[in-house]
Amino acid sequence: MLECNDITMHFGVFCAVRGCTFSITRGEITGLIGPNGAGKTTMFNLIAGAFKCTSGQFIYEGEDVTRLSTDQRFHKGLVRTFQIPHEFQHLTVVENLMMVPPRQLGEGLLNNWISPRRVARQEAETYRRAWETLKFLELTHVAYERAGRLSGGQKKLLELGRTMMTDAKLVLLDEPAAGVNRTLLRKLEEKIQFLNKDRGYTFVLIEHDMEMIQKLCGPIFCMAEGAVLIQGDFNTVRSDPRVLEAYLGETVGDAI
Ligand code: ADP
Ligand code: MG
């Protein structure tokens with residue numbers, strides 16, 4: 001579904017991602033692991049088009065999307081969520097979902113004049129979809145709360161909900177489990193699995209929670225210092241000495 005060919009990116013003189021080549025298979029939940037600072041979030045930004053790579057090429061569904069903007073990639077079903085949730089704090093939860101669908105007719109003043117009924121119909125449809133999403137996520141009880149007041153876990157669910165408001169095909173999840181309590185975590189896992197199996201979403205999941213990675217992911221790849229160290233199934237990756245060394249380096253570094 002997505003091929004990343006020899007992707008490199010610099011922040012000034014610092015090389016955050018170096019020569020990464022890998023592919024994401026349609027229908028899979030692929031895990032992306034690696035110690036802090038490995039370049040995982042940067043890689044997501046590159047795939048989503050928020051950062052431009054210094055060199056390399058992204059082929060998404062057979063099309064070269066390297067030069068396309070975030071918006072253009074979003075419209076093709078390539079959607080990301082954030083390590084730190086990006087909710088509109090002062091809007092309600094349901095409004096947050098209703099903000100998502102691209103190209104809403106009501107946004108243009110002209111449309112409101114020319115075809116108010118069409119705009120109203122579209123708004124009603126968006127509301128229906130938002131409500132379906134809230135039901136799915138079991139968040140209807142907080143639908144009219146301000147999003148800023150949600151718990152960390154609920155915000156993560158809302159982030160997932162935002163992907164459901166689009167016609168997402170490939171969803172990039174950046175640390176969905178961080179700061180989420182155990183009960184909500186199970187729910188989040190269930191929802192991700194359901195979206196994968198029943199709605200056909202393909203996921204790439206950055207996560208430090210190895211239990212979650214093991215439970216959800218088929219292929220896994222591990223990054224360290226901007227490069228892809230190894231790609232394989234959970235047991236292959238876990239038992240590779242290079243992976244252990246990358247994580248140990250982090251522990252030692254933290255201790256100092
Ligand atoms: P990860 O998500 O694996 O923890 P990141 O992709 O966030 O790692 O960061 C990779 C490296 O790039 C880190 O050394 C980080 O300090 C650096 N980095 C990330 N974002 C920026 C930025 N906007 N400007 C400069 N350096 C950055
Ligand atoms: Mg990160």
# chains A, B, ... in the order shown; residues from 1 in each chain; ligands from 1
>>> residues_around(residues="A:Leu139", least_positions_apart="5", cutoff="12 Å", atoms="only C-alpha atoms", output="ChimeraX atom specification")
/A:92-94,97,130-134,144-145,147,150-151,153-158,160-161,184,187
>>> write_last_selection(atoms="C-alpha atoms", output="JSON list (two decimals), in the first residue's frame")
[["chain", "number", "residue", "atom", "x", "y", "z"],
["A", 92, "THR", "CA", -17.47, 20.31, 22.33],
["A", 93, "VAL", "CA", -16.54, 16.73, 21.58],
["A", 94, "VAL", "CA", -19.17, 16.37, 18.88],
["A", 97, "LEU", "CA", -15.64, 15.52, 15.12],
["A", 130, "ALA", "CA", -20.21, 12.21, 14.31],
["A", 131, "TRP", "CA", -22.88, 10.65, 16.50],
["A", 132, "GLU", "CA", -22.23, 7.17, 15.04],
["A", 133, "THR", "CA", -18.55, 7.66, 15.78],
["A", 134, "LEU", "CA", -19.26, 8.69, 19.38],
["A", 144, "TYR", "CA", -21.42, 18.12, 24.68],
["A", 145, "GLU", "CA", -18.46, 18.51, 27.05],
["A", 147, "ALA", "CA", -12.94, 18.57, 24.49],
["A", 150, "LEU", "CA", -11.68, 15.03, 28.56],
["A", 151, "SER", "CA", -9.27, 12.64, 30.27],
["A", 153, "GLY", "CA", -7.51, 8.41, 27.37],
["A", 154, "GLN", "CA", -10.72, 9.96, 26.11],
["A", 155, "LYS", "CA", -8.69, 12.46, 24.07],
["A", 156, "LYS", "CA", -6.87, 9.54, 22.46],
["A", 157, "LEU", "CA", -10.22, 7.95, 21.61],
["A", 158, "LEU", "CA", -11.36, 11.26, 20.14],
["A", 160, "LEU", "CA", -9.15, 7.91, 16.67],
["A", 161, "GLY", "CA", -12.70, 9.17, 16.13],
["A", 184, "LEU", "CA", -9.53, 2.60, 28.25],
["A", 187, "LYS", "CA", -11.16, -0.35, 24.63]]
>>> residues_near_ligand(ligand="ligand 2", cutoff="10 Å", atoms="only C-alpha atoms and all ligand atoms", output="list in words")
Ile33, Gly34, Pro35, Asn36, Gly37, Ala38, Gly39, Lys40, Thr41, Thr42, Met43, Phe44, Phe82, Gln83, Ile84, Asp174, Glu175, Ile206, Glu207 and His208 of chain A
>>> closest_residue(among="A:Gly19, A:Thr202, A:Arg26, A:Thr70", to="A:Leu173", atoms="only C-alpha atoms")
A:Thr202
>>> closest_residue(among="A:Glu138, A:Glu61, A:Glu225, A:Glu245", to="ligand 1", atoms="only C-alpha atoms and all ligand atoms")
A:Glu225
>>> residues_around(residues="A:Phe203", least_positions_apart="6", cutoff="12 Å", atoms="only C-alpha atoms", output="ChimeraX atom specification")
/A:1-2,24-32,44,77-81,160,163,168-174,176,192-197,213,216-220
